[in-house]
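Have a look at the structure below, then the notes.
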4 protein chains.
Amino acid sequence: MKLAEAAPTRRQKVELKEQAIMEAARDAFLENGYDGTRMADIARRAGIAEGTVYLYFRTKNDLMRAFIAGFWADLTEHAIIAVEGIDAPLAALSALATFHIETLIERFDIVQLTQSEPVHPKTSQQNREYMRTYVQVFDDIWRRGVDRCIFESETPLWLVRDIFFGTLEYSARTIKFHPERSAKLVVENLIMVIEQRHRALNAEPPQTIANSDAFLDRLETLVDRLEGVAGSQ
Amino acid sequence: MKLAEAAPTRRQKVELKEQAIMEAARDAFLENGYDGTRMADIARRAGIAEGTVYLYFRTKNDLMRAFIAGFWADLTEHAIIAVEGIDAPLAALSALATFHIETLIERFDIVQLTQSEPVHPKTSQQNREYMRTYVQVFDDIWRRGVDRCIFESETPLWLVRDIFFGTLEYSARTIKFHPERSAKLVVENLIMVIEQRHRALNAEPPQTIANSDAFLDRLETLVDRLEGVAGSQ
Amino acid sequence: MKLAEAAPTRRQKVELKEQAIMEAARDAFLENGYDGTRMADIARRAGIAEGTVYLYFRTKNDLMRAFIAGFWADLTEHAIIAVEGIDAPLAALSALATFHIETLIERFDIVQLTQSEPVHPKTSQQNREYMRTYVQVFDDIWRRGVDRCIFESETPLWLVRDIFFGTLEYSARTIKFHPERSAKLVVENLIMVIEQRHRALNAEPPQTIANSDAFLDRLETLVDRLEGVAGSQ
Amino acid sequence: MKLAEAAPTRRQKVELKEQAIMEAARDAFLENGYDGTRMADIARRAGIAEGTVYLYFRTKNDLMRAFIAGFWADLTEHAIIAVEGIDAPLAALSALATFHIETLIERFDIVQLTQSEPVHPKTSQQNREYMRTYVQVFDDIWRRGVDRCIFESETPLWLVRDIFFGTLEYSARTIKFHPERSAKLVVENLIMVIEQRHRALNAEPPQTIANSDAFLDRLETLVDRLEGVAGSQ
DNA sequence: GATGAATGAGAGTTCATTCAT
DNA sequence: CATGAATGAACTCTCATTCAT
């Protein structure tokens with residue numbers, strides 16, 4: 001077995017250090033904000049010299065932008081993984097909501113940081129770009145649900161999306177300071193709201209699986225009894 | 001001789017200047033953020049000398065905190081006015097929602113500013129204090145509705161509150177960048193959601209059976225078994 | 001007698017400090033060159049805080065430019081004074097040459113400094129502007145001499161000017177390192193060259209024995225004596 | 001087997017690379033000045049790694065000094081070539097002047113550079129050394145001219161030399177910014193001045209007052225003698 | 001009370017030089 | 001020999017705060 005992994009290539013080494021710097025920067029930024037962070041601080045955390053940082057990121061600003069971009073890319077990637085393989089739209093939404101709120105509770109500071117920075121004229125525009133990519137995960141699920149007539153199609157997508165993410169973000173914030181509150185409850189409640197929207201708008205309330213299951217349970221019991229009658233004959 | 005209005009007392013003069021400084025600070029902070037604002041800038045806007053600012057506010061930080069406190073006091077005061085005299089809880093909520101989202105759209109920068117600044121360890125704690133006072137307006141209306149059995153009382157208050165404010169804040173943000181979207185629609189939709197919650201939890205949920213594959217599978221199985229029962233007779 | 005002078009006006013105080021900074025800067029620049037000089041150094045020499053320098057000069061560059069401008073203004077002013085009241089063009093040129101070479105010997109480093117600095121794109125252009133103003137002093141004298149037919153008018157002005165200033169500058173440099181050489185000699189020699197030019201180009205050399213009054217006086221005396229000799233025979 | 005040319009010796013290879021670096025340095029220094037040039041820039045221009053430069057030159061300063069030395073050596077060498085084979089002193093001076101002014105016009109930046117840099121305490125001393133060697137070319141011609149009685153020998157050599165080089169340098173500078181002016185004219189004019197000096201001092205003096213005085217002295221003596229004769233009669 | 005000139009610590013960034021590979 | 005990543009001292013400039021007037 002060749003030790004191909006033991007000796008990292010130059011490219012890998014560069015990326016490793018880049019990663020290390022970005023992590024140091026993230027920690028520093030989270031602790032003290034953008035303006036509150038000194039490059040010297042980042043360098044120290046990364047265990048390198050001040051000047052070295054500039055070999056990997058041209059300016060403090062670039063570092064911040066790279067960090068934000070990385071965060072969003074990561075977030076989106078993990079969101080996709082979180083809903084992967086879940087076919088049922090409602091279940092997928094539930095998984096996405098859970099992922100979202102948990103991530104936000106854990107890393108609420110990052111989100112705040114990514115939004116608070118008027119670091120650069122382009123940043124705000126950039127940020128919306130990232131967000132758009134991220135909410136795409138939601139949009140895809142929703143459209144799938146609409147196709148299958150599980151979600152109603154009257155309401156504009158953005159309205160539902162705003163409720164979805166707005167509630168989760170706000171709750172993440174409040175839960176952060178009221179740990180006794182349950183994120184699970186928030187998600188369930190949110191899913192319920194979405195279900196209700198559908199039912200309310202589709203005049204004839206569209207049977208949920210939950211209720212139908214109860215019905216089937218009763219039917220099963222009935223069949224059991226019939227079988228019992230038949231078998232005892 | 002009533003000169004009460006003609007000659008402002010010393011106290012009033014002090015407060016007047018304090019006010020002027022705070023307004024100058026607000027404008028500057030909103031335009032350039034906390035770190036982007038110079039004390040000299042604030043002084044210039046207030047039409048006074050740089051050193052004079054320090055006679056009214058001990059540090060730049062104090063000024064920021066005063067500004068934030070003022071903003072929240074103002075917000076709460078106006079919110080109370082907005083729902084004043086509206087008896088019907090749903091109508092009151094609607095009025096509050098409208099006030100909230102409109103204020104946020106107009107002054108989204110302020111909210112962001114009040115939240116983005118880790119100016120001082122105490123600030124974050126302080127901030128939640130302000131918020132608590134503010135959301136009290138919502139809570140009061142909600143409780144009144146619960147008393148009158150217009151809102152259901154099962155769901156924890158905070159859950160509804162999170163949906164309410166979370167959605168409004170998020171929508172305010174998105175509307176900021178998509179002016180074609182309607183704040184009115186957001187409010188209507190939100191109120192509808194709240195109504196539905198009540199109806200959903202109180203009324204008899206009208207389940208019909210039809211849709212789910214799983215349901216049909218199980219039903220088929222049962223029919224098969226019934227055939228078995230019938231065949232064995 | 002009012003002590004108007006004892007209490008400097010604000011304006012005067014500002015100018016005084018500005019002057020002090022510029023002198024500190026001049027010394028520092030002369031000692032270490034532009035790039036070799038730190039703002040901290042200038043501040044220390046001026047006996048003020050580093051930041052204070054920036055209240056008087058926006059950048060290090062501005063400081064340099066102000067210094068250069070001041071030097072040229074000074075130089076021109078003194079040159080004008082040096083030739084003031086000297087009517088005879090040749091004598092005026094001689095005075096100017098003496099002033100120029102002596103100034104350069106004393107302050108050769110400054111001249112070098114003013115020319116060596118590619119501090120700013122505009123600087124070089126600016127510098128030529130200053131120089132033009134300065135050499136104007138020469139040009140005026142020369143034209144006066146041409147009007148009076150003391151200087152010939154065939155040769156382009158710039159050619160004579162180049163000899164004049166070129167020689168003086170070069171000699172100033174060499175004398176700097178060979179103090180035994182005489183600046184006076186340089187000037188005399190230069191003036192002689194200029195005279196010769198005139199004579200050479202004005203075909204018939206103007207001086208024959210004829211002219212000088214002193215010569216004629218002595219000649220007359222001699223003739224008188226010869227008459228005496230003749231008379232006594 | 002003679003591979004002397006095919007395979008450069010180690011020594012040659014070293015010198016080749018040294019040469020390449022110095023050329024890169026020269027270009028960089030000329031373009032951006034000493035302080036404006038980065039070692040990385042020089043390395044890039046030379047097509048080698050940053051660290052490699054230090055294998056050939058101990059510091060940036062050394063590199064600068066080497067460059068200056070090279071420049072002067074080159075200049076002197078070419079000057080010698082320029083006057084080589086020209087026997088007539090005046091013609092040789094003319095050739096030297098032409099070479100000098102043309103070189104300076106073309107490479108005025110270099111001269112400025114070589115003189116502007118107080119790179120090192122020793123540099124200025126060094127520089128004069130180079131200059132001395134260079135002006136030797138002039139001195140040799142002049143002395144030859146003096147030997148042949150083409151140039152007068154009264155005036156100290158340095159005085160003529162200062163006029164010669166001073167004028168050429170100054171004119172080179174002005175021509176640089178006034179391209180319509182003719183370098184040829186400068187040279188012709190300068191040679192004429194030198195010729196005139198000789199004629200003025202050697203030829204039948206187109207009597208100046210100084211000479212007339214000598215004449216008077218002789219006349220006086222004569223009259224004295226006549227008086228003596230007359231008196232003794 | 002009001003002023004604004006003065007302060008000086010510290011920010012981000014650069015670059016000559018070193019040294020492990 | 002050659003490399004170029006790493007270093008860190010030093011740079012210019014900013015700005016919250018002070019204090020003599």
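Note on naming: chains are A, B, ... as they come in the structure tokens, residues start from 1 per chain, ligands start from 1 in the order shown.
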Within 9 Å of segment 2-19 of chain F, counting only C-alpha atoms (C1' of nucleotides), which residues qualify if same-chain residues fewer than 5 places away don't, as a compact mmCIF listing (two decimals) with all heavy atoms, in the first residue's frame?
# COMPACT_ATOMS: atom_id res chain seq x y z
N ILE A 48 0.38 31.38 12.38
CA ILE A 48 1.32 31.81 11.35
C ILE A 48 1.64 33.29 11.54
O ILE A 48 1.06 33.94 12.40
CB ILE A 48 0.73 31.61 9.95
CG1 ILE A 48 -0.58 32.38 9.84
CG2 ILE A 48 0.55 30.15 9.66
CD1 ILE A 48 -1.18 32.32 8.47
N ALA A 49 2.56 33.76 10.72
CA ALA A 49 2.94 35.17 10.82
C ALA A 49 1.90 36.05 10.13
O ALA A 49 1.18 35.59 9.24
CB ALA A 49 4.30 35.40 10.20
N GLU A 50 1.87 37.28 10.56
CA GLU A 50 0.88 38.21 10.04
C GLU A 50 0.94 38.29 8.51
O GLU A 50 -0.08 38.23 7.83
CB GLU A 50 1.15 39.59 10.64
CG GLU A 50 -0.10 40.33 11.01
CD GLU A 50 0.24 41.57 11.81
OE1 GLU A 50 1.06 41.49 12.72
OE2 GLU A 50 -0.31 42.63 11.50
N GLY A 51 2.15 38.42 8.03
CA GLY A 51 2.31 38.58 6.59
C GLY A 51 1.84 37.38 5.80
O GLY A 51 1.42 37.51 4.64
N THR A 52 1.92 36.23 6.40
CA THR A 52 1.55 35.00 5.70
C THR A 52 0.08 34.99 5.29
O THR A 52 -0.27 34.47 4.23
CB THR A 52 1.85 33.78 6.58
OG1 THR A 52 3.19 33.88 7.03
CG2 THR A 52 1.66 32.50 5.81
N LEU A 55 -0.57 36.02 1.92
CA LEU A 55 -0.20 35.16 0.80
C LEU A 55 -1.40 34.35 0.34
O LEU A 55 -1.44 33.85 -0.77
CB LEU A 55 0.92 34.21 1.22
CG LEU A 55 2.25 34.87 1.59
CD1 LEU A 55 3.25 33.80 2.00
CD2 LEU A 55 2.79 35.66 0.42
N ARG B 38 -17.76 58.35 12.29
CA ARG B 38 -16.77 59.04 13.13
C ARG B 38 -17.49 60.03 14.04
O ARG B 38 -18.48 60.64 13.64
CB ARG B 38 -15.77 59.83 12.29
CG ARG B 38 -15.20 59.04 11.16
CD ARG B 38 -14.26 59.80 10.34
NE ARG B 38 -14.41 59.49 8.93
CZ ARG B 38 -14.81 58.36 8.42
NH1 ARG B 38 -15.16 57.37 9.22
NH2 ARG B 38 -14.91 58.16 7.12
N MET B 39 -16.96 60.17 15.19
CA MET B 39 -17.52 61.12 16.13
C MET B 39 -17.53 62.52 15.52
O MET B 39 -18.47 63.29 15.73
CB MET B 39 -16.70 61.12 17.42
CG MET B 39 -16.87 59.85 18.23
SD MET B 39 -18.59 59.51 18.66
CE MET B 39 -18.69 60.32 20.26
N ALA B 40 -16.52 62.83 14.78
CA ALA B 40 -16.45 64.13 14.13
C ALA B 40 -17.64 64.33 13.19
O ALA B 40 -18.19 65.42 13.09
CB ALA B 40 -15.15 64.25 13.34
N GLY B 51 -15.71 68.01 20.70
CA GLY B 51 -15.60 67.77 22.14
C GLY B 51 -16.94 67.86 22.86
O GLY B 51 -17.14 67.22 23.90
N TYR B 54 -19.04 64.83 23.88
CA TYR B 54 -18.64 64.09 25.08
C TYR B 54 -19.20 64.69 26.36
O TYR B 54 -19.08 64.10 27.42
CB TYR B 54 -17.12 64.00 25.14
CG TYR B 54 -16.59 63.05 24.11
CD1 TYR B 54 -16.32 63.47 22.81
CD2 TYR B 54 -16.39 61.70 24.41
CE1 TYR B 54 -15.86 62.60 21.85
CE2 TYR B 54 -15.93 60.82 23.45
CZ TYR B 54 -15.66 61.28 22.16
OH TYR B 54 -15.21 60.41 21.22
N THR B 59 -19.18 58.02 25.74
CA THR B 59 -18.41 57.39 24.67
C THR B 59 -19.27 57.20 23.43
O THR B 59 -20.49 57.34 23.49
CB THR B 59 -17.88 56.00 25.08
OG1 THR B 59 -19.00 55.14 25.24
CG2 THR B 59 -17.08 56.06 26.37
N LYS B 60 -18.61 56.84 22.37
CA LYS B 60 -19.33 56.54 21.14
C LYS B 60 -20.32 55.40 21.39
O LYS B 60 -21.44 55.38 20.88
CB LYS B 60 -18.31 56.12 20.08
CG LYS B 60 -18.87 55.93 18.69
CD LYS B 60 -17.77 55.40 17.76
CE LYS B 60 -18.27 55.21 16.35
NZ LYS B 60 -17.25 54.60 15.47
N ARG C 38 10.49 58.78 8.02
CA ARG C 38 9.20 58.32 8.56
C ARG C 38 8.45 59.52 9.13
O ARG C 38 9.07 60.44 9.68
CB ARG C 38 9.36 57.34 9.71
CG ARG C 38 10.51 56.40 9.60
CD ARG C 38 10.49 55.38 10.69
NE ARG C 38 11.84 55.02 11.11
CZ ARG C 38 12.90 54.98 10.34
NH1 ARG C 38 12.79 55.31 9.08
NH2 ARG C 38 14.08 54.65 10.83
N MET C 39 7.17 59.46 9.03
CA MET C 39 6.33 60.53 9.57
C MET C 39 6.62 60.69 11.07
O MET C 39 6.62 61.80 11.60
CB MET C 39 4.87 60.21 9.34
CG MET C 39 4.48 60.31 7.88
SD MET C 39 4.87 61.90 7.13
CE MET C 39 3.34 62.78 7.40
N GLY C 51 0.10 62.09 14.98
CA GLY C 51 -1.18 62.42 14.38
C GLY C 51 -1.32 63.90 14.05
O GLY C 51 -2.06 64.27 13.13
N TYR C 54 -0.74 65.32 10.58
CA TYR C 54 -1.80 65.13 9.59
C TYR C 54 -2.90 66.19 9.70
O TYR C 54 -3.78 66.26 8.86
CB TYR C 54 -2.39 63.73 9.72
CG TYR C 54 -1.45 62.69 9.21
CD1 TYR C 54 -0.49 62.12 10.05
CD2 TYR C 54 -1.47 62.30 7.88
CE1 TYR C 54 0.40 61.18 9.57
CE2 TYR C 54 -0.59 61.36 7.40
CZ TYR C 54 0.35 60.80 8.25
OH TYR C 54 1.23 59.87 7.77
N THR C 59 -1.06 64.32 3.66
CA THR C 59 -0.25 63.12 3.47
C THR C 59 1.22 63.48 3.49
O THR C 59 1.59 64.66 3.41
CB THR C 59 -0.54 62.45 2.10
OG1 THR C 59 -0.09 63.33 1.08
CG2 THR C 59 -2.01 62.14 1.92
N LYS C 60 2.02 62.47 3.58
CA LYS C 60 3.47 62.66 3.53
C LYS C 60 3.83 63.35 2.22
O LYS C 60 4.69 64.22 2.17
CB LYS C 60 4.13 61.28 3.61
CG LYS C 60 5.63 61.31 3.73
CD LYS C 60 6.17 59.88 3.65
CE LYS C 60 7.69 59.85 3.78
NZ LYS C 60 8.21 58.48 3.62
N ILE D 48 13.91 34.18 -12.55
CA ILE D 48 14.37 33.26 -11.52
C ILE D 48 13.55 33.44 -10.25
O ILE D 48 12.68 34.30 -10.19
CB ILE D 48 15.85 33.50 -11.18
CG1 ILE D 48 16.02 34.95 -10.72
CG2 ILE D 48 16.74 33.17 -12.34
CD1 ILE D 48 17.42 35.25 -10.25
N ALA D 49 13.82 32.63 -9.27
CA ALA D 49 13.08 32.71 -8.03
C ALA D 49 13.62 33.83 -7.16
O ALA D 49 14.78 34.24 -7.29
CB ALA D 49 13.16 31.41 -7.27
N GLU D 50 12.74 34.32 -6.30
CA GLU D 50 13.09 35.44 -5.46
C GLU D 50 14.37 35.18 -4.67
O GLU D 50 15.27 36.01 -4.62
CB GLU D 50 11.94 35.69 -4.50
CG GLU D 50 11.60 37.13 -4.31
CD GLU D 50 10.30 37.25 -3.54
OE1 GLU D 50 9.33 36.53 -3.85
OE2 GLU D 50 10.27 38.05 -2.59
N GLY D 51 14.42 34.01 -4.08
CA GLY D 51 15.55 33.68 -3.22
C GLY D 51 16.87 33.60 -3.98
O GLY D 51 17.94 33.85 -3.43
N THR D 52 16.78 33.27 -5.25
CA THR D 52 17.98 33.08 -6.06
C THR D 52 18.78 34.37 -6.20
O THR D 52 20.01 34.35 -6.26
CB THR D 52 17.61 32.54 -7.45
OG1 THR D 52 16.78 31.40 -7.27
CG2 THR D 52 18.84 32.15 -8.22
P DA E 6 -2.48 72.05 17.34
OP1 DA E 6 -1.36 72.89 17.80
OP2 DA E 6 -2.60 71.65 15.93
O5' DA E 6 -2.49 70.74 18.25
C5' DA E 6 -2.31 70.90 19.66
C4' DA E 6 -2.38 69.55 20.32
O4' DA E 6 -3.71 69.03 20.17
C3' DA E 6 -1.43 68.51 19.73
O3' DA E 6 -0.52 68.11 20.73
C2' DA E 6 -2.33 67.36 19.29
C1' DA E 6 -3.62 67.63 20.04
N9 DA E 6 -4.82 67.19 19.32
C8 DA E 6 -5.19 67.52 18.04
N7 DA E 6 -6.34 67.00 17.67
C5 DA E 6 -6.75 66.27 18.76
C6 DA E 6 -7.90 65.48 19.01
N6 DA E 6 -8.86 65.29 18.12
N1 DA E 6 -8.00 64.90 20.23
C2 DA E 6 -7.03 65.10 21.13
N3 DA E 6 -5.92 65.82 21.02
C4 DA E 6 -5.84 66.38 19.80
P DT E 7 0.56 67.03 20.42
OP1 DT E 7 1.68 67.26 21.35
OP2 DT E 7 0.79 66.98 18.97
O5' DT E 7 -0.17 65.69 20.85
C5' DT E 7 -0.60 65.57 22.20
C4' DT E 7 -1.41 64.31 22.36
O4' DT E 7 -2.54 64.35 21.48
C3' DT E 7 -0.64 63.04 21.99
O3' DT E 7 -0.43 62.29 23.16
C2' DT E 7 -1.54 62.32 20.98
C1' DT E 7 -2.87 63.02 21.15
N1 DT E 7 -3.73 63.09 19.94
C2 DT E 7 -4.93 62.43 19.96
O2 DT E 7 -5.32 61.75 20.90
N3 DT E 7 -5.68 62.57 18.82
C4 DT E 7 -5.35 63.31 17.69
O4 DT E 7 -6.10 63.37 16.73
C5 DT E 7 -4.08 63.99 17.75
C7 DT E 7 -3.64 64.82 16.59
C6 DT E 7 -3.33 63.85 18.86
P DA E 11 -5.27 46.88 16.60
OP1 DA E 11 -6.38 46.41 17.43
OP2 DA E 11 -3.96 46.21 16.64
O5' DA E 11 -5.76 46.95 15.10
C5' DA E 11 -6.88 47.79 14.77
C4' DA E 11 -6.73 48.34 13.38
O4' DA E 11 -5.79 49.42 13.40
C3' DA E 11 -6.15 47.34 12.40
O3' DA E 11 -7.21 46.64 11.78
C2' DA E 11 -5.46 48.24 11.38
C1' DA E 11 -5.16 49.52 12.16
N9 DA E 11 -3.76 49.71 12.45
C8 DA E 11 -3.05 49.16 13.49
N7 DA E 11 -1.80 49.54 13.52
C5 DA E 11 -1.67 50.37 12.44
C6 DA E 11 -0.59 51.10 11.93
N6 DA E 11 0.63 51.08 12.48
N1 DA E 11 -0.79 51.85 10.81
C2 DA E 11 -2.01 51.88 10.27
N3 DA E 11 -3.11 51.24 10.67
C4 DA E 11 -2.87 50.50 11.77
P DT E 13 -5.97 45.24 4.21
OP1 DT E 13 -6.79 45.67 3.08
OP2 DT E 13 -6.13 43.87 4.76
O5' DT E 13 -4.45 45.46 3.83
C5' DT E 13 -4.04 46.76 3.42
C4' DT E 13 -2.54 46.84 3.34
O4' DT E 13 -1.96 46.70 4.65
C3' DT E 13 -1.88 45.74 2.49
O3' DT E 13 -1.34 46.39 1.35
C2' DT E 13 -0.80 45.15 3.37
C1' DT E 13 -0.66 46.19 4.47
N1 DT E 13 -0.21 45.69 5.80
C2 DT E 13 1.02 46.11 6.26
O2 DT E 13 1.76 46.84 5.62
N3 DT E 13 1.36 45.63 7.50
C4 DT E 13 0.60 44.80 8.31
O4 DT E 13 1.02 44.45 9.41
C5 DT E 13 -0.67 44.39 7.76
C7 DT E 13 -1.55 43.48 8.55
C6 DT E 13 -1.01 44.85 6.55
P DT E 14 -0.59 45.52 0.24
OP1 DT E 14 -0.88 46.16 -1.03
OP2 DT E 14 -0.87 44.09 0.46
O5' DT E 14 0.94 45.77 0.59
C5' DT E 14 1.38 47.11 0.68
C4' DT E 14 2.85 47.12 1.00
O4' DT E 14 3.07 46.59 2.32
C3' DT E 14 3.70 46.26 0.05
O3' DT E 14 4.80 47.09 -0.32
C2' DT E 14 4.11 45.07 0.90
C1' DT E 14 4.15 45.67 2.28
N1 DT E 14 3.92 44.77 3.44
C2 DT E 14 4.80 44.82 4.49
O2 DT E 14 5.79 45.53 4.51
N3 DT E 14 4.49 43.98 5.54
C4 DT E 14 3.40 43.14 5.63
O4 DT E 14 3.23 42.44 6.63
C5 DT E 14 2.52 43.15 4.50
C7 DT E 14 1.31 42.28 4.52
C6 DT E 14 2.81 43.96 3.48
P DT E 17 17.63 43.33 1.98
OP1 DT E 17 18.57 44.08 2.83
OP2 DT E 17 17.89 43.12 0.54
O5' DT E 17 17.37 41.92 2.66
C5' DT E 17 17.03 41.88 4.04
C4' DT E 17 16.62 40.49 4.43
O4' DT E 17 15.37 40.14 3.80
C3' DT E 17 17.58 39.36 4.06
O3' DT E 17 18.04 38.79 5.27
C2' DT E 17 16.75 38.38 3.26
C1' DT E 17 15.34 38.73 3.68
N1 DT E 17 14.27 38.37 2.74
C2 DT E 17 13.28 37.52 3.17
O2 DT E 17 13.27 37.03 4.30
N3 DT E 17 12.31 37.25 2.25
C4 DT E 17 12.22 37.74 0.96
O4 DT E 17 11.28 37.42 0.23
C5 DT E 17 13.29 38.63 0.55
C7 DT E 17 13.28 39.20 -0.81
C6 DT E 17 14.25 38.89 1.46
P DT E 18 19.12 37.68 5.27
OP1 DT E 18 20.03 38.06 6.36
OP2 DT E 18 19.63 37.46 3.89
O5' DT E 18 18.32 36.38 5.72
C5' DT E 18 17.41 36.50 6.80
C4' DT E 18 16.60 35.22 6.95
O4' DT E 18 15.64 35.13 5.87
C3' DT E 18 17.41 33.93 6.89
O3' DT E 18 16.92 33.08 7.91
C2' DT E 18 17.12 33.38 5.49
C1' DT E 18 15.70 33.83 5.29
N1 DT E 18 15.21 33.99 3.91
C2 DT E 18 13.99 33.45 3.58
O2 DT E 18 13.30 32.84 4.37
N3 DT E 18 13.59 33.67 2.28
C4 DT E 18 14.29 34.35 1.30
O4 DT E 18 13.83 34.48 0.17
C5 DT E 18 15.56 34.89 1.71
C7 DT E 18 16.39 35.64 0.72
C6 DT E 18 15.96 34.68 2.98
P DT E 21 11.70 20.94 6.15
OP1 DT E 21 10.35 20.53 6.53
OP2 DT E 21 12.92 20.34 6.75
O5' DT E 21 11.81 20.81 4.57
C5' DT E 21 10.76 21.33 3.76
C4' DT E 21 11.17 21.26 2.32
O4' DT E 21 12.31 22.10 2.11
C3' DT E 21 11.58 19.88 1.85
O3' DT E 21 10.57 19.34 1.01
C2' DT E 21 12.88 20.10 1.08
C1' DT E 21 12.96 21.61 0.96
N1 DT E 21 14.33 22.18 0.94
C2 DT E 21 14.71 22.93 -0.16
O2 DT E 21 13.99 23.15 -1.09
N3 DT E 21 16.00 23.41 -0.09
C4 DT E 21 16.91 23.23 0.93
O4 DT E 21 18.03 23.72 0.87
C5 DT E 21 16.44 22.44 2.04
C7 DT E 21 17.35 22.16 3.20
C6 DT E 21 15.18 21.95 2.00
**Request:** Identify, on the basis of only C-alpha atoms (C1' of nucleotides), every residue whose closest approach to Leu159 of chain D does not exceed 9 Å; exclude the query and any residue fewer than 2 positions from it along the same chain; express the result as a count of residues only.
**Result:** 12
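Restricting the calculation to only C-alpha atoms (C1' of nucleotides), the smallest distance between chain E and any of B:Ala82, B:Val14, B:Met22, B:Ile68 is found for B:Val14.
The interatomic distance for the pair atom CA of Lys17 of chain B and atom CA of Trp72 of chain B works out to 20.4 Å.
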**Message:** How large is the C-alpha RMSD when chain C is optimally fitted onto chain A, using all Cα positions paired one-to-one in sequence order?
**Reply:** 2.4 Å
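In this structure, atom CA of Leu90 of chain A sits 21.2 Å away from atom CA of Arg199 of chain B.
Note that the spacing between atom CA of Glu102 of chain D and atom CA of Ala172 of chain D amounts to 7.5 Å.
For Ile101 of chain A, the list of residues within 7 Å, based on only C-alpha atoms (C1' of nucleotides) and with local chain neighbours fewer than 6 positions off taken out, reads Leu168, Glu169, Ala172 and Ala183 of chain A.
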**Request:** Could you give me, as number ranges by chain, each residue of segment 28-210 of chain C that DSSP assigns to helix (DSSP H, G or I) when run on this structure's backbone?
**Result:** C: 28-36, 39-46, 50-56, 60-83, 89-106, 108-116, 121-147, 157-177, 183-201
